[in-house]
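A.B. asks: This is the structure I want to talk about, given as structure tokens.
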Amino acid sequence: MRKTLSSLVIALMLGWSGAADAADFQKGLDAAQAGDHATALREFRDLANEGHAGAQTLLGSMYSEGIGVTQDYAEAEKLFRLAAEQGDALAQFSLGQMYREGAGVAQDYAGAAKWYRLAAEQGLAEAQGNLGILYVKGQGVTQDYAQAVKWYRLAVEQGGAADQYNFGLLYINGQGVTQDDTEAVKWWRLAAEQGHAHSQTNLGVMYAKGHGVILDPVFAHMWFNIAAASGIAKAVTGRDAVAQNMSPAQIAEAQKLAREWMEKHPPQ
């Protein structure tokens with residue numbers, strides 16, 4: 001399958017505006033969206049050499065992912081750093097990712113936290129959520145659930161499913177917040193409606209046990225069944241277990257609800 005720049009990169013850069021070079025940058029961005037990597041590479045490289053932070057970031061992404069060029073983490077890191085030092089939030093986040101994963105650089109959680117924080121302070125939800133993860137795990141920072149809650153709360157307000165899932169975990173475990181099954185269900189439902197399979201599985205568990213919701217095997221089976229379609233083994237086990245105590249009519253209703261949900265939410 002032909003690689004393309006991620007939807008995150010494209011979405012964030014659609015709002016990027018330069019001065020006299022705005023038209024050239026837009027030409028490169030349009031080419032990247034269309035899969036014309038040769039044109040995108042030419043436009044971004046020229047602008048990057050002139051110090052254009054947005055072009056440096058996108059060119060760095062192409063080198064990082066091996067899109068239109070041979071994958072080269074060293075070149076990606078150089079370009080991300082140039083843009084990050086100009087304050088580009090996506091470049092800062094991307095550098096954080098490289099340090100967290102040890103991609104092209106020595107793994108360094110403190111370095112990851114540094115760059116995530118700079119991007120998070122500019123409102124980048126992905127950076128806010130990842131900084132929250134570091135605080136939960138105590139990676140590169142002192143473990144601090146209150147700080148995790150702070151950053152996750154900012155991230156979930158922007159609607160990211162993975163952040164909503166993680167925020168629900170804080171509530172179910174009572175980490176940095178008062179333990180609250182109902183609040184966990186709230187965030188998992190929001191993520192589940194966006195197709196987040198692990199949140200769908202957790203909703204199935206909550207309905208099967210009556211935690212945070214009224215016990216309902218039909219809804220438990222429905223959510224397990226939806227998540228099972230994404231290949232979540234725990235969801236398959238949960239669906240089959242709850243089905244053992246359901247009537248044929250209940251199972252049929254649950255399957256109907258799952259089918260209707262899937263029709264309204266086709267895989268992206």
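The chains in the structure tokens are called A, B, ... from first to last as shown; in each chain the residues are counted from 1, and the ligands are counted from 1 in the order shown.
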If you run DSSP on this backbone, which residues of stretch 61-238 of chain A come out as alpha helix (DSSP H), and could you give them as an mmCIF file with C-alpha atoms, in the first residue's frame?

C.D. replies:
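The resulting file, result-v1.cif, is shown below:
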```
data_model
loop_
_atom_site.group_PDB
_atom_site.id
_atom_site.type_symbol
_atom_site.label_atom_id
_atom_site.label_comp_id
_atom_site.auth_asym_id
_atom_site.auth_seq_id
_atom_site.Cartn_x
_atom_site.Cartn_y
_atom_site.Cartn_z
ATOM 1 C CA SER A 61 7.478 13.672 8.517
ATOM 2 C CA MET A 62 8.216 12.398 5.014
ATOM 3 C CA TYR A 63 11.705 11.294 6.082
ATOM 4 C CA SER A 64 10.409 9.823 9.339
ATOM 5 C CA GLU A 65 7.777 7.715 7.567
ATOM 6 C CA TYR A 73 15.467 9.182 11.055
ATOM 7 C CA ALA A 74 18.597 11.327 11.287
ATOM 8 C CA GLU A 75 17.326 13.683 8.601
ATOM 9 C CA ALA A 76 13.854 13.697 10.171
ATOM 10 C CA GLU A 77 15.288 14.568 13.578
ATOM 11 C CA LYS A 78 17.349 17.415 12.093
ATOM 12 C CA LEU A 79 14.330 18.901 10.323
ATOM 13 C CA PHE A 80 11.989 18.474 13.291
ATOM 14 C CA ARG A 81 14.529 20.173 15.556
ATOM 15 C CA LEU A 82 14.898 23.151 13.212
ATOM 16 C CA ALA A 83 11.129 23.630 13.167
ATOM 17 C CA ALA A 84 10.678 22.874 16.872
ATOM 18 C CA ALA A 89 4.006 22.484 17.859
ATOM 19 C CA LEU A 90 3.788 19.500 15.498
ATOM 20 C CA ALA A 91 7.573 19.413 15.177
ATOM 21 C CA GLN A 92 7.912 19.555 18.956
ATOM 22 C CA PHE A 93 5.450 16.691 19.295
ATOM 23 C CA SER A 94 7.261 14.712 16.603
ATOM 24 C CA LEU A 95 10.583 15.156 18.383
ATOM 25 C CA GLY A 96 8.907 13.980 21.564
ATOM 26 C CA GLN A 97 7.745 10.878 19.740
ATOM 27 C CA MET A 98 11.255 10.131 18.503
ATOM 28 C CA TYR A 99 12.695 10.431 22.014
ATOM 29 C CA ARG A 100 9.927 8.364 23.568
ATOM 30 C CA GLU A 101 10.267 5.577 21.026
ATOM 31 C CA TYR A 109 11.742 9.937 28.325
ATOM 32 C CA ALA A 110 12.881 13.202 29.873
ATOM 33 C CA GLY A 111 13.584 14.537 26.391
ATOM 34 C CA ALA A 112 10.186 13.302 25.257
ATOM 35 C CA ALA A 113 8.516 15.068 28.184
ATOM 36 C CA LYS A 114 10.345 18.295 27.361
ATOM 37 C CA TRP A 115 9.135 18.424 23.774
ATOM 38 C CA TYR A 116 5.640 17.131 24.548
ATOM 39 C CA ARG A 117 5.256 19.861 27.150
ATOM 40 C CA LEU A 118 6.207 22.612 24.703
ATOM 41 C CA ALA A 119 3.662 21.315 22.193
ATOM 42 C CA ALA A 120 1.048 20.675 24.888
ATOM 43 C CA ALA A 125 -4.074 17.475 22.071
ATOM 44 C CA GLU A 126 -1.801 14.608 21.022
ATOM 45 C CA ALA A 127 1.038 16.109 23.035
ATOM 46 C CA GLN A 128 -1.227 16.768 26.019
ATOM 47 C CA GLY A 129 -2.395 13.159 26.022
ATOM 48 C CA ASN A 130 1.107 11.735 25.673
ATOM 49 C CA LEU A 131 2.380 13.975 28.451
ATOM 50 C CA GLY A 132 -0.445 12.607 30.577
ATOM 51 C CA ILE A 133 0.758 9.073 29.829
ATOM 52 C CA LEU A 134 4.277 9.949 30.963
ATOM 53 C CA TYR A 135 2.920 11.305 34.253
ATOM 54 C CA VAL A 136 0.846 8.161 34.816
ATOM 55 C CA LYS A 137 3.856 5.910 34.191
ATOM 56 C CA TYR A 145 -1.604 11.491 38.750
ATOM 57 C CA ALA A 146 -2.819 15.043 39.389
ATOM 58 C CA GLN A 147 -0.619 16.268 36.532
ATOM 59 C CA ALA A 148 -1.862 13.392 34.377
ATOM 60 C CA VAL A 149 -5.443 14.462 35.054
ATOM 61 C CA LYS A 150 -4.583 18.060 34.182
ATOM 62 C CA TRP A 151 -3.149 17.197 30.784
ATOM 63 C CA TYR A 152 -5.705 14.526 29.927
ATOM 64 C CA ARG A 153 -8.542 16.923 30.779
ATOM 65 C CA LEU A 154 -7.179 19.442 28.298
ATOM 66 C CA ALA A 155 -6.774 16.730 25.666
ATOM 67 C CA VAL A 156 -10.218 15.146 26.032
ATOM 68 C CA ALA A 161 -10.773 8.882 21.491
ATOM 69 C CA ALA A 162 -7.496 7.517 22.857
ATOM 70 C CA ASP A 163 -7.317 10.341 25.398
ATOM 71 C CA GLN A 164 -10.935 9.752 26.416
ATOM 72 C CA TYR A 165 -10.124 6.074 26.931
ATOM 73 C CA ASN A 166 -7.120 6.897 29.106
ATOM 74 C CA PHE A 167 -9.098 9.480 31.054
ATOM 75 C CA GLY A 168 -11.689 6.804 31.785
ATOM 76 C CA LEU A 169 -8.920 4.580 33.147
ATOM 77 C CA LEU A 170 -7.976 7.280 35.665
ATOM 78 C CA TYR A 171 -11.570 7.355 36.913
ATOM 79 C CA ILE A 172 -11.950 3.591 37.104
ATOM 80 C CA ASN A 173 -8.692 3.332 39.065
ATOM 81 C CA ASP A 181 -17.462 4.176 37.570
ATOM 82 C CA THR A 182 -20.104 6.469 36.085
ATOM 83 C CA GLU A 183 -17.519 8.988 34.991
ATOM 84 C CA ALA A 184 -15.383 6.211 33.495
ATOM 85 C CA VAL A 185 -18.398 5.011 31.503
ATOM 86 C CA LYS A 186 -19.017 8.560 30.273
ATOM 87 C CA TRP A 187 -15.543 8.862 28.748
ATOM 88 C CA TRP A 188 -15.448 5.332 27.395
ATOM 89 C CA ARG A 189 -18.817 5.873 25.726
ATOM 90 C CA LEU A 190 -17.532 8.993 23.975
ATOM 91 C CA ALA A 191 -14.481 7.081 22.758
ATOM 92 C CA ALA A 192 -16.537 4.004 21.862
ATOM 93 C CA ALA A 197 -12.327 -0.780 20.313
ATOM 94 C CA HIS A 198 -10.832 -0.994 23.815
ATOM 95 C CA SER A 199 -13.397 1.523 25.075
ATOM 96 C CA GLN A 200 -16.135 -0.551 23.451
ATOM 97 C CA THR A 201 -14.809 -3.611 25.248
ATOM 98 C CA ASN A 202 -14.744 -1.767 28.569
ATOM 99 C CA LEU A 203 -18.317 -0.613 28.051
ATOM 100 C CA GLY A 204 -19.258 -4.244 27.529
ATOM 101 C CA VAL A 205 -17.622 -5.108 30.857
ATOM 102 C CA MET A 206 -19.445 -2.305 32.657
ATOM 103 C CA TYR A 207 -22.842 -3.374 31.294
ATOM 104 C CA ALA A 208 -22.099 -7.019 32.078
ATOM 105 C CA LYS A 209 -21.282 -6.151 35.707
ATOM 106 C CA PRO A 217 -26.642 -8.154 29.109
ATOM 107 C CA VAL A 218 -28.081 -6.963 25.787
ATOM 108 C CA PHE A 219 -25.943 -3.812 25.766
ATOM 109 C CA ALA A 220 -22.995 -5.779 27.126
ATOM 110 C CA HIS A 221 -23.270 -8.254 24.261
ATOM 111 C CA MET A 222 -23.737 -5.414 21.752
ATOM 112 C CA TRP A 223 -20.562 -3.574 22.762
ATOM 113 C CA PHE A 224 -18.536 -6.766 23.063
ATOM 114 C CA ASN A 225 -19.714 -7.784 19.603
ATOM 115 C CA ILE A 226 -18.772 -4.442 18.063
ATOM 116 C CA ALA A 227 -15.303 -4.564 19.644
ATOM 117 C CA ALA A 228 -14.866 -8.202 18.611
ATOM 118 C CA ALA A 233 -9.800 -11.092 22.038
ATOM 119 C CA LYS A 234 -11.164 -9.908 25.392
ATOM 120 C CA ALA A 235 -14.319 -8.739 23.618
ATOM 121 C CA VAL A 236 -14.837 -12.130 21.985
ATOM 122 C CA THR A 237 -14.461 -13.846 25.362
ATOM 123 C CA GLY A 238 -16.806 -11.347 27.029
#
```

A.B. asks: So what do you get for atom CA of A:Arg239 versus atom CA of A:Asp180, distance-wise?

C.D. replies: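 Interatomic distance here is 24.4 Å.
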
A.B. asks: When distances are computed from only C-alpha atoms, which of A:Gly60, A:Ala23, A:Gly231, A:Gly212 shows the smallest separation from A:Ala48?

C.D. replies: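 When distances to A:Ala48 are compared using only C-alpha atoms, the smallest one comes from A:Gly60.
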
A.B. asks: Need the shell around A:Pro266: protein/DNA/RNA residues with any atom at most 12 Å away, counting only C-alpha atoms. Skip same-chain ones fewer than 4 positions apart. Format as number ranges by chain?

C.D. replies: A: 193-195, 226, 229-230, 258-262

A.B. asks: Which residue is closest to A:Ala243? Choose from A:Glu43, A:Glu263, A:Asp216, A:Asp30 and count only C-alpha atoms.

C.D. replies: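 Once distances to A:Ala243 are computed over only C-alpha atoms, the minimum belongs to A:Asp216.
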
A.B. asks: Could you tell me how far atom CA of A:Gly140 lies from atom CA of A:Asp108, in Å and to one decimal?

C.D. replies: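 A separation of 7.3 Å between them.
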
A.B. asks: Would you please work out which residue, of A:Gly68, A:Gly160, A:Gly176, A:Gly54, is nearest to A:Ala38 when using only C-alpha atoms?

C.D. replies: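 Closest candidate: A:Gly68.
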